$ cat run25.cif   # mmCIF, C-alpha atoms
data_target
#
loop_
_atom_site.group_PDB
_atom_site.id
_atom_site.type_symbol
_atom_site.label_atom_id
_atom_site.label_comp_id
_atom_site.auth_asym_id
_atom_site.auth_seq_id
_atom_site.Cartn_x
_atom_site.Cartn_y
_atom_site.Cartn_z
ATOM 1 C CA MET A 1 3.255 17.018 -3.459
ATOM 2 C CA ILE A 2 3.673 13.638 -5.108
ATOM 3 C CA PHE A 3 0.959 11.114 -5.911
ATOM 4 C CA TYR A 4 1.232 7.532 -7.121
ATOM 5 C CA LYS A 5 -1.459 6.375 -9.536
ATOM 6 C CA VAL A 6 -1.589 2.590 -9.229
ATOM 7 C CA ILE A 7 -3.204 0.911 -12.224
ATOM 8 C CA PHE A 8 -4.659 -2.552 -11.702
ATOM 9 C CA GLU A 9 -5.421 -5.106 -14.426
ATOM 10 C CA GLY A 10 -9.162 -5.517 -15.120
ATOM 11 C CA THR A 11 -10.810 -8.887 -15.644
ATOM 12 C CA LYS A 12 -11.277 -10.246 -19.144
ATOM 13 C CA GLU A 13 -15.068 -10.273 -18.754
ATOM 14 C CA ASP A 14 -15.038 -6.611 -17.708
ATOM 15 C CA SER A 15 -15.523 -3.827 -20.241
ATOM 16 C CA SER A 16 -12.813 -1.750 -18.544
ATOM 17 C CA ASP A 17 -9.205 -2.689 -19.193
ATOM 18 C CA SER A 18 -7.986 -1.444 -15.838
ATOM 19 C CA TYR A 19 -8.802 0.268 -12.550
ATOM 20 C CA SER A 20 -6.725 2.668 -10.505
ATOM 21 C CA LEU A 21 -6.256 4.106 -7.027
ATOM 22 C CA THR A 22 -4.233 7.206 -6.258
ATOM 23 C CA PHE A 23 -2.032 7.184 -3.176
ATOM 24 C CA LYS A 24 -0.637 10.349 -1.561
ATOM 25 C CA ASP A 25 3.114 10.371 -0.929
ATOM 26 C CA ILE A 26 4.195 9.974 2.681
ATOM 27 C CA PHE A 27 7.802 8.981 1.970
ATOM 28 C CA SER A 28 8.950 12.617 1.776
ATOM 29 C CA ASP A 29 7.827 13.293 5.386
ATOM 30 C CA ASN A 30 8.174 9.866 6.996
ATOM 31 C CA GLN A 31 10.778 7.365 5.898
ATOM 32 C CA ILE A 32 9.313 4.201 7.368
ATOM 33 C CA GLN A 33 11.066 0.940 6.611
ATOM 34 C CA LEU A 34 9.047 -2.258 6.900
ATOM 35 C CA SER A 35 10.621 -5.103 8.786
ATOM 36 C CA SER A 36 11.723 -8.028 6.678
ATOM 37 C CA GLN A 37 9.198 -10.157 8.610
ATOM 38 C CA PHE A 38 6.137 -8.031 7.711
ATOM 39 C CA PHE A 39 5.185 -9.791 4.457
ATOM 40 C CA THR A 40 6.179 -13.187 5.865
ATOM 41 C CA THR A 41 3.775 -12.577 8.765
ATOM 42 C CA LEU A 42 0.972 -11.581 6.373
ATOM 43 C CA ARG A 43 1.639 -14.671 4.262
ATOM 44 C CA VAL A 44 1.367 -16.924 7.331
ATOM 45 C CA VAL A 45 -1.842 -15.168 8.426
ATOM 46 C CA SER A 46 -3.304 -15.583 4.911
ATOM 47 C CA GLN A 47 -2.800 -19.343 5.189
ATOM 48 C CA LYS A 48 -4.731 -19.453 8.490
ATOM 49 C CA GLU A 49 -7.437 -16.843 7.924
ATOM 50 C CA SER A 50 -9.703 -16.181 4.968
ATOM 51 C CA ASN A 51 -9.779 -12.396 5.502
ATOM 52 C CA VAL A 52 -6.226 -11.982 4.158
ATOM 53 C CA VAL A 53 -5.681 -12.545 0.435
ATOM 54 C CA GLN A 54 -2.592 -12.088 -1.704
ATOM 55 C CA PHE A 55 -2.475 -11.826 -5.475
ATOM 56 C CA GLN A 56 -0.690 -10.130 -8.384
ATOM 57 C CA ASN A 57 -2.623 -7.370 -10.126
ATOM 58 C CA ILE A 58 -0.582 -4.145 -10.289
ATOM 59 C CA LYS A 59 -0.124 -3.352 -13.970
ATOM 60 C CA GLU A 60 1.681 -0.015 -13.652
ATOM 61 C CA VAL A 61 2.465 2.801 -11.200
ATOM 62 C CA ILE A 62 2.648 6.379 -12.451
ATOM 63 C CA LYS A 63 4.346 8.993 -10.294
ATOM 64 C CA ILE A 64 2.622 12.394 -10.529
ATOM 65 C CA GLY A 65 3.794 15.744 -9.137
ATOM 66 C CA ASN A 66 6.996 17.492 -8.117
ATOM 67 C CA GLN A 67 9.591 14.765 -8.252
ATOM 68 C CA SER A 68 12.499 16.509 -6.565
ATOM 69 C CA ASN A 69 13.667 13.336 -4.842
ATOM 70 C CA LYS A 70 14.835 10.823 -7.411
ATOM 71 C CA ILE A 71 14.273 7.604 -5.507
ATOM 72 C CA GLU A 72 14.510 4.455 -7.583
ATOM 73 C CA ILE A 73 11.826 1.897 -6.856
ATOM 74 C CA ASN A 74 12.293 -1.740 -7.859
ATOM 75 C CA TYR A 75 8.665 -2.800 -7.341
ATOM 76 C CA TYR A 76 5.445 -1.747 -5.629
ATOM 77 C CA ILE A 77 3.025 -3.556 -3.304
ATOM 78 C CA ALA A 78 -0.430 -2.218 -2.395
ATOM 79 C CA ILE A 79 -2.165 -3.216 0.833
ATOM 80 C CA LEU A 80 -5.884 -2.464 1.089
ATOM 81 C CA TYR A 81 -8.006 -3.203 4.147
ATOM 82 C CA THR A 82 -11.339 -2.514 5.861
ATOM 83 C CA TYR A 83 -11.775 -1.635 9.542
ATOM 84 C CA LEU A 84 -14.083 -4.112 11.295
ATOM 85 C CA ASN A 85 -15.647 -1.524 13.638
ATOM 86 C CA ASP A 86 -16.811 1.087 11.076
ATOM 87 C CA GLY A 87 -16.289 -0.444 7.610
ATOM 88 C CA LYS A 88 -13.853 2.328 6.623
ATOM 89 C CA LYS A 89 -11.493 1.362 3.792
ATOM 90 C CA GLU A 90 -7.833 2.410 3.741
ATOM 91 C CA GLY A 91 -4.613 1.368 2.099
ATOM 92 C CA PHE A 92 -0.867 1.725 1.905
ATOM 93 C CA LEU A 93 1.574 1.680 -0.971
ATOM 94 C CA ILE A 94 4.929 0.067 -0.325
ATOM 95 C CA GLY A 95 7.898 0.599 -2.601
ATOM 96 C CA ASN A 96 11.097 -1.388 -2.611
ATOM 97 C CA VAL A 97 13.670 1.422 -2.648
ATOM 98 C CA LYS A 98 17.183 0.633 -3.831
ATOM 99 C CA LYS A 99 19.625 0.279 -0.917
ATOM 100 C CA MET A 100 16.813 0.909 1.638
ATOM 101 C CA GLY A 101 14.445 -2.059 1.289
ATOM 102 C CA ASP A 102 10.656 -2.042 1.566
ATOM 103 C CA MET A 103 9.484 1.451 2.522
ATOM 104 C CA LEU A 104 6.021 2.849 3.184
ATOM 105 C CA ILE A 105 5.611 5.424 0.409
ATOM 106 C CA GLY A 106 1.897 6.201 0.069
ATOM 107 C CA GLU A 107 -1.517 6.171 1.729
ATOM 108 C CA TRP A 108 -5.094 5.966 0.454
ATOM 109 C CA PRO A 109 -7.630 7.553 0.673
ATOM 110 C CA TYR A 110 -6.518 11.117 1.159
ATOM 111 C CA ASN A 111 -7.920 14.589 0.855
ATOM 112 C CA GLU A 112 -6.191 17.938 0.821
ATOM 113 C CA GLU A 113 -7.284 18.823 4.381
ATOM 114 C CA ASN A 114 -5.736 15.720 5.883
ATOM 115 C CA VAL A 115 -3.001 16.496 8.340
ATOM 116 C CA SER A 116 0.039 14.285 7.938
ATOM 117 C CA ASN A 117 -0.027 11.311 10.246
ATOM 118 C CA SER A 118 2.904 10.639 12.501
ATOM 119 C CA LYS A 119 5.447 7.903 11.957
ATOM 120 C CA ASP A 120 4.171 6.226 15.147
ATOM 121 C CA LEU A 121 0.599 6.097 13.812
ATOM 122 C CA TYR A 122 1.748 4.462 10.570
ATOM 123 C CA LEU A 123 3.838 1.916 12.482
ATOM 124 C CA GLN A 124 0.873 1.180 14.754
ATOM 125 C CA LYS A 125 -1.409 0.549 11.741
ATOM 126 C CA LEU A 126 1.181 -1.748 10.136
ATOM 127 C CA ASP A 127 1.542 -3.673 13.388
ATOM 128 C CA LEU A 128 -2.247 -4.058 13.652
ATOM 129 C CA LEU A 129 -2.384 -5.276 10.042
ATOM 130 C CA ALA A 130 0.101 -8.013 10.858
ATOM 131 C CA ASN A 131 -2.229 -9.097 13.694
ATOM 132 C CA SER A 132 -5.323 -8.657 11.454
ATOM 133 C CA SER A 133 -7.888 -8.916 14.261
ATOM 134 C CA LYS A 134 -9.104 -5.308 13.781
ATOM 135 C CA PHE A 135 -9.434 -5.562 9.998
ATOM 136 C CA ASN A 136 -11.372 -7.415 7.372
ATOM 137 C CA ASN A 137 -10.662 -8.009 3.686
ATOM 138 C CA ILE A 138 -6.921 -7.403 3.822
ATOM 139 C CA CYS A 139 -5.588 -7.540 0.243
ATOM 140 C CA VAL A 140 -1.875 -7.636 -0.488
ATOM 141 C CA ILE A 141 -1.469 -6.846 -4.183
ATOM 142 C CA TYR A 142 1.831 -7.423 -5.966
ATOM 143 C CA HIS A 143 3.073 -6.346 -9.399
ATOM 144 C CA LEU A 144 2.101 -8.550 -12.353
ATOM 145 C CA LYS A 145 5.036 -10.605 -13.629
#
$ encode --input "run25.cif" --output "structure tokens"
Amino acid sequence: MIFYKVIFEGTKEDSSDSYSLTFKDIFSDNQIQLSSQFFTTLRVVSQKESNVVQFQNIKEVIKIGNQSNKIEINYYIAILYTYLNDGKKEGFLIGNVKKMGDMLIGEWPYNEENVSNSKDLYLQKLDLLANSSKFNNICVIYHLK
């Protein structure tokens, strides 16, 4: 099992230097490539709607666990969102994998009892995110430059 600990930059006024979320690997079971239009669509939606924000705040990503597959990742993008109907928070971690493009590599939150979701369910959630009508507070977080 592989986990990705994503460390975010804290604010200068804050006593903590950084915050983190841990995403469970889904790349090993489901290799899901994001369409090249996905982030363009989110960018357009963020210009029209206030519930989609984009910013740079990923300081570092640490890979934890059995790293049998040696995939090289150029950069990471975290997407966090809240369901409108029940207020449940979830997120995805996207990695730009060399020679493959943007791939869905992790999900948050997770617990050990969770059964792996199907590729179709992940694709359905990504499609809904691009439409954003079922979600609130969609954050697209890029690596700091």
$ residues_around --input "run25.cif" --residues "range 71-86 of chain A" --least-positions-apart "2" --cutoff "7 Å" --atoms "all atoms listed in the file" --output "list in words"
Asn69, Lys88, Lys89, Glu90, Gly91, Phe92, Leu93, Ile94, Gly95, Asn96, Val97, Lys98, Lys134, Phe135, Asn136, Asn137, Ile138, Cys139, Val140, Ile141, Tyr142 and His143 of chain A
$ write_last_selection --input "run25.cif" --atoms "C-alpha atoms" --output "CSV table (one decimal), in the frame of the given file"
chain,number,residue,atom,x,y,z
A,69,ASN,CA,13.7,13.3,-4.8
A,88,LYS,CA,-13.9,2.3,6.6
A,89,LYS,CA,-11.5,1.4,3.8
A,90,GLU,CA,-7.8,2.4,3.7
A,91,GLY,CA,-4.6,1.4,2.1
A,92,PHE,CA,-0.9,1.7,1.9
A,93,LEU,CA,1.6,1.7,-1.0
A,94,ILE,CA,4.9,0.1,-0.3
A,95,GLY,CA,7.9,0.6,-2.6
A,96,ASN,CA,11.1,-1.4,-2.6
A,97,VAL,CA,13.7,1.4,-2.6
A,98,LYS,CA,17.2,0.6,-3.8
A,134,LYS,CA,-9.1,-5.3,13.8
A,135,PHE,CA,-9.4,-5.6,10.0
A,136,ASN,CA,-11.4,-7.4,7.4
A,137,ASN,CA,-10.7,-8.0,3.7
A,138,ILE,CA,-6.9,-7.4,3.8
A,139,CYS,CA,-5.6,-7.5,0.2
A,140,VAL,CA,-1.9,-7.6,-0.5
A,141,ILE,CA,-1.5,-6.8,-4.2
A,142,TYR,CA,1.8,-7.4,-6.0
A,143,HIS,CA,3.1,-6.3,-9.4
$ resolve_selection --input "run25.cif" --expression "the PyMOL selection byres ((chain A and resi 7) around 9)" --output "NGL selection string"
:A and (5-6 or 8-9 or 18-22 or 57-62)
$ atom_distance --input "run25.cif" --atom1 "CA of Lys48 in chain A" --atom2 "CA of Leu123 in chain A"
23.4 Å
$ residues_around --input "run25.cif" --residues "Arg43 in chain A" --least-positions-apart "4" --cutoff "10 Å" --atoms "only C-alpha atoms" --output "ChimeraX atom specification"
/A:37-39,47-48,52-54,130,140
$ atom_distance --input "run25.cif" --atom1 "CA of Gly87 in chain A" --atom2 "CA of Leu128 in chain A"
15.7 Å
